[in-house]
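Only one structure is covered here, and it is reproduced in the block below.
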Amino acid sequence: MMATSHLPVLDVDRLIDDRRTRIIVCCGSGGVGKTTIAAAIGLRAAEHGRHAVVLTVDPARRLAQSMGLTSLDNTPRLVHGVPPRATHPAEGNGAGPAGSMHAMMLDMKRTFDEIVEAHADPDRAAQILANPFYQSLSSSFAGTQEYMAMEKLGQLRRADEWDLIVVDTPPSRSALDFLDAPQRLGRFLDGKLLRLLTAPAKLGGRAYMRFLNAGFGMVTGVLTKILGTQVLRDVQTFVSALDTMFGGFRERAEYTYQLLRAPGTAFLVIAAPEDDALREASYFVERLDQERMPLAGLILNRVQRLPAAHLSAARSLAAAEVLQASGPDLGSSSADPGEEAGRLLAIAALRLHADQTQLAAAQRRMAEHFTAAHPLVPVTEIPAQPEDVHDLDGLRVIGQAFAVG
Ligand SMILES: Nc1ncnc2c1ncn2[C@@H]1O[C@H](COP(=O)(O)OP(=O)(O)OP(=O)(O)O)[C@@H](O)[C@H]1O
Ligand SMILES: [Mg+2]
């Protein structure tokens, strides 16, 4: 299927059909097709008899609607219109087992709120939820979305209602963000800065002043100047209210981290056949390796298929030029309008053919560059569709590219 056929081919269907696969994480840089591919994998897995849940982040509205996701309620919903595949080659003849697909949209703030509600008594929870610092942290702290995606993954895994969880990752500037998020948030909540900030709450007013004068004052003084007293006070009350949950956060981050490393987990790095996306994919592959996280392979999405005709770009362009030159003289009235329209169409078709051939060749060079650097990483391709993917049929077409051979 790849032009570079000597390279290992990523068999997504085999991954989906292997019952030991429990979590598939789709990651990659912004806009490469993570959400689309995660949904397509969930659908295909359901049609292959698995009970799949797809955790999406910010799906396009029409795609969300096609999966029956009309509100951001943070709970998996059954996706209707997912028939089980009639026959399943891997299991001989006869009807395949019935599967199911659930999908949900991540609500980052709601997920954070739920953790607070689950871990603090009602009064304390109310106090935290109302805290302005909490409110801004839960909706805008860099990495909160990544952290919450991972948190939700942990919850879905613990619920154990699905045999396959497909995780879409947030549109981070860097594809690595979500790997770091659990620890970053853990470090943040557990860090020196916060301990410094909570000290006053523990020491009380006067003692705090002595504490400040004992050398920490400069730091806190600068902070007060930057943040303002009110914000600082908010942070302090927030953190002391959250104090009891610190351990919880650290444990959860650790749990998710281990989950990502578990044998049933597979990472798919998604990239467009473009320099930036592939460079990001390279970093990601290396990072997963360092973290000993199980990489299944690279999905090259939106690949320009090489046009069928065996006509090179150069010859195609040359033919277009000949046709162009053979046009009627300007102002000539002798040209047959039908013939003239045909000539113009042929020129356009030849130019399009040349463009597509050149694009396909450029994409192949970039893919080969990637595989030269990572010869052991299996790769598969998904053709560029003529339009956006916004319904189940569109997802099915994407899923068909997962069949090897
Ligand atoms: N193979 C494809 N052919 C044509 N269009 C595609 C293909 N894959 C994805 N798209 C379209 O590309 C756009 C971006 O896809 P998608 O939202 O899945 O990317 P993403 O990686 O999740 O983006 P973000 O990083 O913003 O979350 C969507 O409009 C989608 O329909
Ligand atoms: Mg997305």
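Residue numbering restarts at 1 for every chain of the structure tokens, chains are lettered A, B, ... in their displayed order, and ligands are numbered from 1 as they appear.
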
Counting only C-alpha atoms and all ligand atoms, give me one row per residue of chain A with an atom at most 6 Å from an atom of ligand 2, showing the shortest contact pair and its distance in Å to one decimal, sorted by chain then residue number, as CSV.
residue,atom,partner,partner_atom_place_in_ligand_line,distance
A:Lys34,CA,ligand 2,1 (Mg),5.4
A:Thr35,CA,ligand 2,1 (Mg),4.2
A:Val57,CA,ligand 2,1 (Mg),5.7
A:Asp58,CA,ligand 2,1 (Mg),5.6
A:Pro59,CA,ligand 2,1 (Mg),5.6
A:Pro171,CA,ligand 2,1 (Mg),5.7

Enumerate as a short mmCIF file (atom, residue, chain, number, x, y, z; two decimals) with N, CA, C and O atoms, in the first residue's frame the residues within 7 Å of ligand 1, counting only C-alpha atoms and all ligand atoms.
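Final file, selection-v8.cif:
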data_model
loop_
_atom_site.label_atom_id
_atom_site.label_comp_id
_atom_site.auth_asym_id
_atom_site.auth_seq_id
_atom_site.Cartn_x
_atom_site.Cartn_y
_atom_site.Cartn_z
N GLY A 28 -0.52 13.60 17.75
CA GLY A 28 0.10 14.24 16.60
C GLY A 28 -0.14 15.74 16.71
O GLY A 28 -0.88 16.19 17.57
N SER A 29 0.47 16.49 15.80
CA SER A 29 0.34 17.94 15.92
C SER A 29 -1.03 18.42 15.45
O SER A 29 -1.86 17.62 15.01
N GLY A 30 -1.26 19.73 15.55
CA GLY A 30 -2.59 20.29 15.31
C GLY A 30 -3.10 20.07 13.89
O GLY A 30 -2.36 20.20 12.92
N GLY A 31 -4.38 19.71 13.80
CA GLY A 31 -5.06 19.68 12.50
C GLY A 31 -4.70 18.52 11.58
O GLY A 31 -5.09 18.52 10.41
N VAL A 32 -3.99 17.51 12.08
CA VAL A 32 -3.56 16.43 11.19
C VAL A 32 -4.62 15.34 10.99
O VAL A 32 -4.47 14.48 10.12
N GLY A 33 -5.67 15.38 11.82
CA GLY A 33 -6.74 14.38 11.67
C GLY A 33 -6.89 13.45 12.87
O GLY A 33 -7.46 12.37 12.74
N LYS A 34 -6.41 13.87 14.04
CA LYS A 34 -6.51 13.02 15.23
C LYS A 34 -7.95 12.66 15.56
O LYS A 34 -8.27 11.49 15.78
N THR A 35 -8.81 13.68 15.60
CA THR A 35 -10.21 13.44 15.98
C THR A 35 -10.90 12.55 14.95
O THR A 35 -11.59 11.59 15.32
N THR A 36 -10.68 12.85 13.68
CA THR A 36 -11.29 12.07 12.61
C THR A 36 -10.86 10.61 12.69
O THR A 36 -11.67 9.68 12.62
N ILE A 37 -9.57 10.39 12.87
CA ILE A 37 -9.05 9.03 12.87
C ILE A 37 -9.48 8.28 14.13
O ILE A 37 -9.86 7.11 14.06
N VAL A 57 -11.88 15.23 21.66
CA VAL A 57 -11.62 16.57 22.17
C VAL A 57 -11.97 17.55 21.06
O VAL A 57 -11.39 17.48 19.98
N ASP A 58 -12.92 18.42 21.33
CA ASP A 58 -13.25 19.45 20.33
C ASP A 58 -13.54 18.93 18.92
O ASP A 58 -12.93 19.41 17.95
N PRO A 59 -14.45 17.98 18.76
CA PRO A 59 -14.73 17.54 17.39
C PRO A 59 -15.46 18.64 16.63
O PRO A 59 -16.14 19.46 17.25
N ALA A 60 -15.30 18.68 15.33
CA ALA A 60 -16.04 19.64 14.52
C ALA A 60 -17.53 19.38 14.74
O ALA A 60 -17.94 18.24 14.97
N PRO A 170 -5.78 16.57 22.66
CA PRO A 170 -6.09 17.98 22.39
C PRO A 170 -5.18 18.58 21.32
O PRO A 170 -4.07 18.10 21.10
N PRO A 171 -5.67 19.63 20.68
CA PRO A 171 -4.90 20.28 19.63
C PRO A 171 -3.77 21.13 20.21
O PRO A 171 -3.79 22.34 20.16
N SER A 172 -2.80 20.48 20.78
CA SER A 172 -1.69 21.18 21.43
C SER A 172 -0.78 21.76 20.38
O SER A 172 -0.70 21.25 19.28
N ASN A 301 -1.85 10.82 7.12
CA ASN A 301 -3.23 11.14 6.73
C ASN A 301 -3.25 12.18 5.61
O ASN A 301 -2.38 13.03 5.53
N ARG A 302 -4.29 12.12 4.82
CA ARG A 302 -4.51 13.05 3.71
C ARG A 302 -3.42 12.94 2.66
O ARG A 302 -2.85 13.94 2.22
N ILE A 382 -3.57 7.13 4.74
CA ILE A 382 -4.99 7.34 4.49
C ILE A 382 -5.08 8.38 3.37
O ILE A 382 -4.51 9.46 3.48
N PRO A 383 -5.79 8.03 2.31
CA PRO A 383 -5.87 8.97 1.19
C PRO A 383 -6.61 10.24 1.57
O PRO A 383 -7.52 10.21 2.40
N ALA A 384 -6.24 11.34 0.95
CA ALA A 384 -6.97 12.59 1.12
C ALA A 384 -8.35 12.41 0.48
O ALA A 384 -8.46 11.93 -0.64
N GLN A 385 -9.39 12.73 1.24
CA GLN A 385 -10.75 12.64 0.71
C GLN A 385 -11.07 13.93 -0.02
O GLN A 385 -10.51 14.99 0.31
N PRO A 386 -11.99 13.85 -0.97
CA PRO A 386 -12.32 15.08 -1.71
C PRO A 386 -12.95 16.15 -0.83
O PRO A 386 -12.87 17.34 -1.15
N GLU A 387 -13.58 15.76 0.28
CA GLU A 387 -14.08 16.80 1.18
C GLU A 387 -13.93 16.39 2.65
O GLU A 387 -13.52 15.27 2.94
N ASP A 388 -14.24 17.31 3.54
CA ASP A 388 -14.14 17.05 4.97
C ASP A 388 -14.93 15.81 5.37
O ASP A 388 -15.91 15.46 4.72
N VAL A 389 -14.50 15.21 6.46
CA VAL A 389 -15.16 14.00 6.95
C VAL A 389 -16.13 14.41 8.05
O VAL A 389 -15.71 14.87 9.11
N HIS A 390 -17.43 14.31 7.78
CA HIS A 390 -18.35 14.81 8.81
C HIS A 390 -19.51 13.89 9.11
O HIS A 390 -20.45 14.29 9.78
N ILE A 398 -12.72 6.34 5.72
CA ILE A 398 -11.40 6.45 6.35
C ILE A 398 -10.99 5.08 6.90
O ILE A 398 -9.85 4.63 6.70
#

Pick out the residues sitting within 10 Å of stretch 348-355 of chain A, and hand them over as a VMD selection string; count only C-alpha atoms, and ignore anything fewer than 5 positions along from it in its own chain. chain A and resid 306 to 309 311 to 321 323 342 to 343 360 to 361

Nearest to A:Val377 among A:Gly297, A:Arg305, A:Asp289, A:Arg279, with distances taken over only C-alpha atoms: which residue is it?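 Using only C-alpha atoms, A:Val377 sits closest to A:Gly297.
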
Can you pull out the residues contacting A:Gln65? Cut-off 12 Å, using only C-alpha atoms, and skip same-chain residues under 4 positions away; I want them as a list in words. Pro59, Ala60, Arg61, Leu69, Thr70, Ser71, Leu72, Arg77, Val79, His80, Ala103, Met104, Met105, His390, Asp391 and Leu392 of chain A

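Among the candidates A:Arg14, A:Arg252, A:Arg19, A:Arg44, the residue lying nearest to A:Ile115 is A:Arg252 (atoms considered: only C-alpha atoms).
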
Mind pulling up the distance from atom CA of A:Asp163 to atom CA of A:Asp107? 22.5 Å

Write out as a list in words each polymer residue whose atoms come within 9 Å of A:Pro378, counting only C-alpha atoms; drop sequence neighbours fewer than 3 positions from it. Leu7, Pro8, Val9, Leu10, Asp11, Ala296, Gly297, Leu298, Ile299, Thr371, His374 and Pro375 of chain A

Okay, now the selection with all heavy atoms, as a PDB file, in the first residue's frame?
ATOM      1  N   LEU A   7       9.186  -1.217   3.665  1.00  0.00           N
ATOM      2  CA  LEU A   7       9.104  -0.799   5.060  1.00  0.00           C
ATOM      3  C   LEU A   7       7.963  -1.510   5.759  1.00  0.00           C
ATOM      4  O   LEU A   7       7.014  -1.936   5.115  1.00  0.00           O
ATOM      5  CB  LEU A   7       8.886   0.714   5.113  1.00  0.00           C
ATOM      6  CG  LEU A   7      10.070   1.470   4.513  1.00  0.00           C
ATOM      7  CD1 LEU A   7       9.693   2.894   4.197  1.00  0.00           C
ATOM      8  CD2 LEU A   7      11.245   1.417   5.471  1.00  0.00           C
ATOM      9  N   PRO A   8       8.067  -1.645   7.095  1.00  0.00           N
ATOM     10  CA  PRO A   8       6.994  -2.336   7.805  1.00  0.00           C
ATOM     11  C   PRO A   8       5.673  -1.579   7.663  1.00  0.00           C
ATOM     12  O   PRO A   8       5.633  -0.359   7.751  1.00  0.00           O
ATOM     13  CB  PRO A   8       7.480  -2.336   9.264  1.00  0.00           C
ATOM     14  CG  PRO A   8       8.548  -1.302   9.346  1.00  0.00           C
ATOM     15  CD  PRO A   8       9.124  -1.177   7.970  1.00  0.00           C
ATOM     16  N   VAL A   9       4.628  -2.328   7.385  1.00  0.00           N
ATOM     17  CA  VAL A   9       3.321  -1.710   7.189  1.00  0.00           C
ATOM     18  C   VAL A   9       2.524  -1.797   8.490  1.00  0.00           C
ATOM     19  O   VAL A   9       2.496  -2.835   9.140  1.00  0.00           O
ATOM     20  CB  VAL A   9       2.555  -2.422   6.052  1.00  0.00           C
ATOM     21  CG1 VAL A   9       1.129  -1.914   5.953  1.00  0.00           C
ATOM     22  CG2 VAL A   9       3.288  -2.226   4.732  1.00  0.00           C
ATOM     23  N   LEU A  10       1.935  -0.694   8.859  1.00  0.00           N
ATOM     24  CA  LEU A  10       1.114  -0.658  10.061  1.00  0.00           C
ATOM     25  C   LEU A  10      -0.243  -1.278   9.753  1.00  0.00           C
ATOM     26  O   LEU A  10      -0.959  -0.810   8.872  1.00  0.00           O
ATOM     27  CB  LEU A  10       0.943   0.795  10.519  1.00  0.00           C
ATOM     28  CG  LEU A  10      -0.061   1.027  11.649  1.00  0.00           C
ATOM     29  CD1 LEU A  10       0.397   0.342  12.928  1.00  0.00           C
ATOM     30  CD2 LEU A  10      -0.253   2.522  11.893  1.00  0.00           C
ATOM     31  N   ASP A  11      -0.596  -2.323  10.488  1.00  0.00           N
ATOM     32  CA  ASP A  11      -1.859  -3.019  10.268  1.00  0.00           C
ATOM     33  C   ASP A  11      -2.849  -2.593  11.356  1.00  0.00           C
ATOM     34  O   ASP A  11      -2.922  -3.197  12.420  1.00  0.00           O
ATOM     35  CB  ASP A  11      -1.612  -4.536  10.302  1.00  0.00           C
ATOM     36  CG  ASP A  11      -2.822  -5.320   9.832  1.00  0.00           C
ATOM     37  OD1 ASP A  11      -3.939  -4.745   9.839  1.00  0.00           O
ATOM     38  OD2 ASP A  11      -2.647  -6.492   9.464  1.00  0.00           O
ATOM     39  N   ALA A 296       2.528   1.967  18.179  1.00  0.00           N
ATOM     40  CA  ALA A 296       2.110   0.979  17.176  1.00  0.00           C
ATOM     41  C   ALA A 296       2.600   1.402  15.795  1.00  0.00           C
ATOM     42  O   ALA A 296       2.973   0.556  14.989  1.00  0.00           O
ATOM     43  CB  ALA A 296       0.600   0.818  17.183  1.00  0.00           C
ATOM     44  N   GLY A 297       2.590   2.693  15.523  1.00  0.00           N
ATOM     45  CA  GLY A 297       3.075   3.139  14.225  1.00  0.00           C
ATOM     46  C   GLY A 297       2.605   4.525  13.860  1.00  0.00           C
ATOM     47  O   GLY A 297       1.976   5.218  14.670  1.00  0.00           O
ATOM     48  N   LEU A 298       2.921   4.888  12.630  1.00  0.00           N
ATOM     49  CA  LEU A 298       2.598   6.214  12.112  1.00  0.00           C
ATOM     50  C   LEU A 298       1.474   6.105  11.088  1.00  0.00           C
ATOM     51  O   LEU A 298       1.498   5.243  10.219  1.00  0.00           O
ATOM     52  CB  LEU A 298       3.830   6.810  11.431  1.00  0.00           C
ATOM     53  CG  LEU A 298       3.606   8.141  10.698  1.00  0.00           C
ATOM     54  CD1 LEU A 298       3.651   9.314  11.679  1.00  0.00           C
ATOM     55  CD2 LEU A 298       4.647   8.349   9.597  1.00  0.00           C
ATOM     56  N   ILE A 299       0.482   6.968  11.222  1.00  0.00           N
ATOM     57  CA  ILE A 299      -0.550   7.076  10.188  1.00  0.00           C
ATOM     58  C   ILE A 299      -0.328   8.372   9.423  1.00  0.00           C
ATOM     59  O   ILE A 299      -0.379   9.449  10.003  1.00  0.00           O
ATOM     60  CB  ILE A 299      -1.967   7.068  10.801  1.00  0.00           C
ATOM     61  CG1 ILE A 299      -2.241   5.716  11.461  1.00  0.00           C
ATOM     62  CG2 ILE A 299      -3.015   7.361   9.722  1.00  0.00           C
ATOM     63  CD1 ILE A 299      -3.660   5.550  11.963  1.00  0.00           C
ATOM     64  N   THR A 371      10.839   7.676   7.273  1.00  0.00           N
ATOM     65  CA  THR A 371      11.136   6.261   7.496  1.00  0.00           C
ATOM     66  C   THR A 371      12.640   5.984   7.480  1.00  0.00           C
ATOM     67  O   THR A 371      13.086   5.034   8.104  1.00  0.00           O
ATOM     68  CB  THR A 371      10.417   5.371   6.472  1.00  0.00           C
ATOM     69  OG1 THR A 371      10.447   6.010   5.218  1.00  0.00           O
ATOM     70  CG2 THR A 371       8.985   5.150   6.875  1.00  0.00           C
ATOM     71  N   HIS A 374      13.420   6.567  10.975  1.00  0.00           N
ATOM     72  CA  HIS A 374      12.770   5.613  11.895  1.00  0.00           C
ATOM     73  C   HIS A 374      12.388   4.345  11.145  1.00  0.00           C
ATOM     74  O   HIS A 374      11.214   4.070  10.937  1.00  0.00           O
ATOM     75  CB  HIS A 374      11.520   6.242  12.507  1.00  0.00           C
ATOM     76  CG  HIS A 374      11.767   7.568  13.139  1.00  0.00           C
ATOM     77  ND1 HIS A 374      12.334   7.702  14.389  1.00  0.00           N
ATOM     78  CD2 HIS A 374      11.563   8.822  12.694  1.00  0.00           C
ATOM     79  CE1 HIS A 374      12.456   8.975  14.680  1.00  0.00           C
ATOM     80  NE2 HIS A 374      11.994   9.683  13.668  1.00  0.00           N
ATOM     81  N   PRO A 375      13.403   3.580  10.730  1.00  0.00           N
ATOM     82  CA  PRO A 375      13.128   2.437   9.848  1.00  0.00           C
ATOM     83  C   PRO A 375      12.234   1.373  10.482  1.00  0.00           C
ATOM     84  O   PRO A 375      11.638   0.586   9.771  1.00  0.00           O
ATOM     85  CB  PRO A 375      14.519   1.879   9.536  1.00  0.00           C
ATOM     86  CG  PRO A 375      15.439   2.476  10.539  1.00  0.00           C
ATOM     87  CD  PRO A 375      14.828   3.735  11.036  1.00  0.00           C
TER      88      PRO A 375
END

Atomic distance atom CA of A:Ala277 - atom CA of A:Leu376, expressed in Å with one decimal: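 It comes out at 18.9 Å.
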
How would you write, as a PyMOL selection string, the set of residues in stretch 53-152 of chain A that DSSP gives as strand (DSSP E or B)? chain A and resi 53-56+77-78+87+95+100-105

Would you save the residues of that selection, restricted to N, CA, C and O atoms, as a PDB file, in the first residue's frame?
ATOM      1  N   VAL A  53     -15.309   2.836  22.985  1.00  0.00           N
ATOM      2  CA  VAL A  53     -15.705   4.197  23.366  1.00  0.00           C
ATOM      3  C   VAL A  53     -14.635   5.146  22.848  1.00  0.00           C
ATOM      4  O   VAL A  53     -13.436   4.858  22.930  1.00  0.00           O
ATOM      5  N   VAL A  54     -15.078   6.234  22.243  1.00  0.00           N
ATOM      6  CA  VAL A  54     -14.138   7.216  21.714  1.00  0.00           C
ATOM      7  C   VAL A  54     -14.227   8.484  22.548  1.00  0.00           C
ATOM      8  O   VAL A  54     -15.300   9.060  22.715  1.00  0.00           O
ATOM      9  N   LEU A  55     -13.096   8.874  23.081  1.00  0.00           N
ATOM     10  CA  LEU A  55     -13.031  10.110  23.851  1.00  0.00           C
ATOM     11  C   LEU A  55     -12.521  11.200  22.920  1.00  0.00           C
ATOM     12  O   LEU A  55     -11.345  11.208  22.552  1.00  0.00           O
ATOM     13  N   THR A  56     -13.426  12.084  22.477  1.00  0.00           N
ATOM     14  CA  THR A  56     -12.987  13.115  21.539  1.00  0.00           C
ATOM     15  C   THR A  56     -12.776  14.446  22.250  1.00  0.00           C
ATOM     16  O   THR A  56     -13.374  14.729  23.282  1.00  0.00           O
ATOM     17  N   ARG A  77     -21.975   8.483  25.003  1.00  0.00           N
ATOM     18  CA  ARG A  77     -23.307   8.247  24.441  1.00  0.00           C
ATOM     19  C   ARG A  77     -23.201   7.173  23.379  1.00  0.00           C
ATOM     20  O   ARG A  77     -22.220   7.158  22.616  1.00  0.00           O
ATOM     21  N   LEU A  78     -24.229   6.330  23.308  1.00  0.00           N
ATOM     22  CA  LEU A  78     -24.252   5.302  22.279  1.00  0.00           C
ATOM     23  C   LEU A  78     -24.413   5.953  20.899  1.00  0.00           C
ATOM     24  O   LEU A  78     -25.272   6.821  20.724  1.00  0.00           O
ATOM     25  N   THR A  87     -19.848 -10.418   8.110  1.00  0.00           N
ATOM     26  CA  THR A  87     -18.941 -11.548   8.302  1.00  0.00           C
ATOM     27  C   THR A  87     -17.590 -11.029   8.749  1.00  0.00           C
ATOM     28  O   THR A  87     -17.225  -9.886   8.468  1.00  0.00           O
ATOM     29  N   ALA A  95     -22.178 -14.573  10.835  1.00  0.00           N
ATOM     30  CA  ALA A  95     -22.264 -13.174  11.242  1.00  0.00           C
ATOM     31  C   ALA A  95     -21.230 -12.871  12.311  1.00  0.00           C
ATOM     32  O   ALA A  95     -20.962 -13.708  13.168  1.00  0.00           O
ATOM     33  N   SER A 100     -20.372  -2.355  19.608  1.00  0.00           N
ATOM     34  CA  SER A 100     -21.074  -1.091  19.863  1.00  0.00           C
ATOM     35  C   SER A 100     -20.066   0.044  19.894  1.00  0.00           C
ATOM     36  O   SER A 100     -18.873  -0.172  20.131  1.00  0.00           O
ATOM     37  N   MET A 101     -20.556   1.233  19.618  1.00  0.00           N
ATOM     38  CA  MET A 101     -19.690   2.403  19.688  1.00  0.00           C
ATOM     39  C   MET A 101     -20.335   3.446  20.592  1.00  0.00           C
ATOM     40  O   MET A 101     -21.501   3.787  20.423  1.00  0.00           O
ATOM     41  N   HIS A 102     -19.560   3.912  21.532  1.00  0.00           N
ATOM     42  CA  HIS A 102     -19.950   5.060  22.331  1.00  0.00           C
ATOM     43  C   HIS A 102     -18.986   6.200  21.998  1.00  0.00           C
ATOM     44  O   HIS A 102     -17.851   5.953  21.598  1.00  0.00           O
ATOM     45  N   ALA A 103     -19.467   7.406  22.166  1.00  0.00           N
ATOM     46  CA  ALA A 103     -18.565   8.542  21.945  1.00  0.00           C
ATOM     47  C   ALA A 103     -18.863   9.620  22.977  1.00  0.00           C
ATOM     48  O   ALA A 103     -19.997   9.720  23.467  1.00  0.00           O
ATOM     49  N   MET A 104     -17.868  10.354  23.318  1.00  0.00           N
ATOM     50  CA  MET A 104     -18.079  11.495  24.221  1.00  0.00           C
ATOM     51  C   MET A 104     -17.144  12.638  23.851  1.00  0.00           C
ATOM     52  O   MET A 104     -16.111  12.458  23.225  1.00  0.00           O
ATOM     53  N   MET A 105     -17.587  13.835  24.227  1.00  0.00           N
ATOM     54  CA  MET A 105     -16.726  15.004  24.049  1.00  0.00           C
ATOM     55  C   MET A 105     -16.189  15.390  25.422  1.00  0.00           C
ATOM     56  O   MET A 105     -16.954  15.456  26.387  1.00  0.00           O
TER      57      MET A 105
END

Give the alpha helix (DSSP H) residues of stretch 28-100 of chain A, as assigned by DSSP on the backbone, as a list in words.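 Everything in stretch 28-100 of chain A that counts as alpha helix (DSSP H) is Lys34, Thr35, Thr36, Ile37, Ala38, Ala39, Ala40, Ile41, Gly42, Leu43, Arg44, Ala45, Ala46, Glu47, Arg61, Arg62, Leu63, Ala64, Gln65 and Ser66 of chain A.
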
Residues from the last selection, N, CA and C atoms, saved as a compact mmCIF listing (two decimals), in the first residue's frame:
# COMPACT_ATOMS: atom_id res chain seq x y z
N LYS A 34 -6.41 13.87 14.04
CA LYS A 34 -6.51 13.02 15.23
C LYS A 34 -7.95 12.66 15.56
N THR A 35 -8.81 13.68 15.60
CA THR A 35 -10.21 13.44 15.98
C THR A 35 -10.90 12.55 14.95
N THR A 36 -10.68 12.85 13.68
CA THR A 36 -11.29 12.07 12.61
C THR A 36 -10.86 10.61 12.69
N ILE A 37 -9.57 10.39 12.87
CA ILE A 37 -9.05 9.03 12.87
C ILE A 37 -9.48 8.28 14.13
N ALA A 38 -9.49 8.97 15.26
CA ALA A 38 -9.96 8.32 16.49
C ALA A 38 -11.41 7.84 16.30
N ALA A 39 -12.25 8.70 15.73
CA ALA A 39 -13.65 8.33 15.52
C ALA A 39 -13.76 7.19 14.51
N ALA A 40 -12.95 7.25 13.46
CA ALA A 40 -12.99 6.19 12.44
C ALA A 40 -12.55 4.85 13.03
N ILE A 41 -11.57 4.89 13.92
CA ILE A 41 -11.11 3.65 14.56
C ILE A 41 -12.22 3.09 15.47
N GLY A 42 -12.87 3.99 16.23
CA GLY A 42 -13.96 3.55 17.11
C GLY A 42 -15.06 2.88 16.31
N LEU A 43 -15.42 3.50 15.20
CA LEU A 43 -16.50 2.96 14.36
C LEU A 43 -16.10 1.61 13.78
N ARG A 44 -14.91 1.55 13.25
CA ARG A 44 -14.47 0.29 12.63
C ARG A 44 -14.37 -0.82 13.68
N ALA A 45 -13.87 -0.47 14.85
CA ALA A 45 -13.75 -1.47 15.91
C ALA A 45 -15.14 -2.00 16.28
N ALA A 46 -16.13 -1.10 16.38
CA ALA A 46 -17.49 -1.53 16.71
C ALA A 46 -18.02 -2.45 15.62
N GLU A 47 -17.73 -2.10 14.38
CA GLU A 47 -18.20 -2.94 13.28
C GLU A 47 -17.44 -4.26 13.23
N ARG A 61 -18.33 20.44 14.67
CA ARG A 61 -19.74 20.33 15.05
C ARG A 61 -20.49 19.26 14.26
N ARG A 62 -20.28 19.26 12.95
CA ARG A 62 -21.03 18.30 12.14
C ARG A 62 -20.63 16.86 12.44
N LEU A 63 -19.35 16.66 12.69
CA LEU A 63 -18.90 15.30 13.03
C LEU A 63 -19.51 14.88 14.37
N ALA A 64 -19.49 15.80 15.33
CA ALA A 64 -20.07 15.51 16.65
C ALA A 64 -21.55 15.14 16.49
N GLN A 65 -22.27 15.93 15.71
CA GLN A 65 -23.70 15.66 15.52
C GLN A 65 -23.92 14.30 14.88
N SER A 66 -23.07 13.95 13.95
CA SER A 66 -23.27 12.66 13.27
C SER A 66 -23.07 11.50 14.24
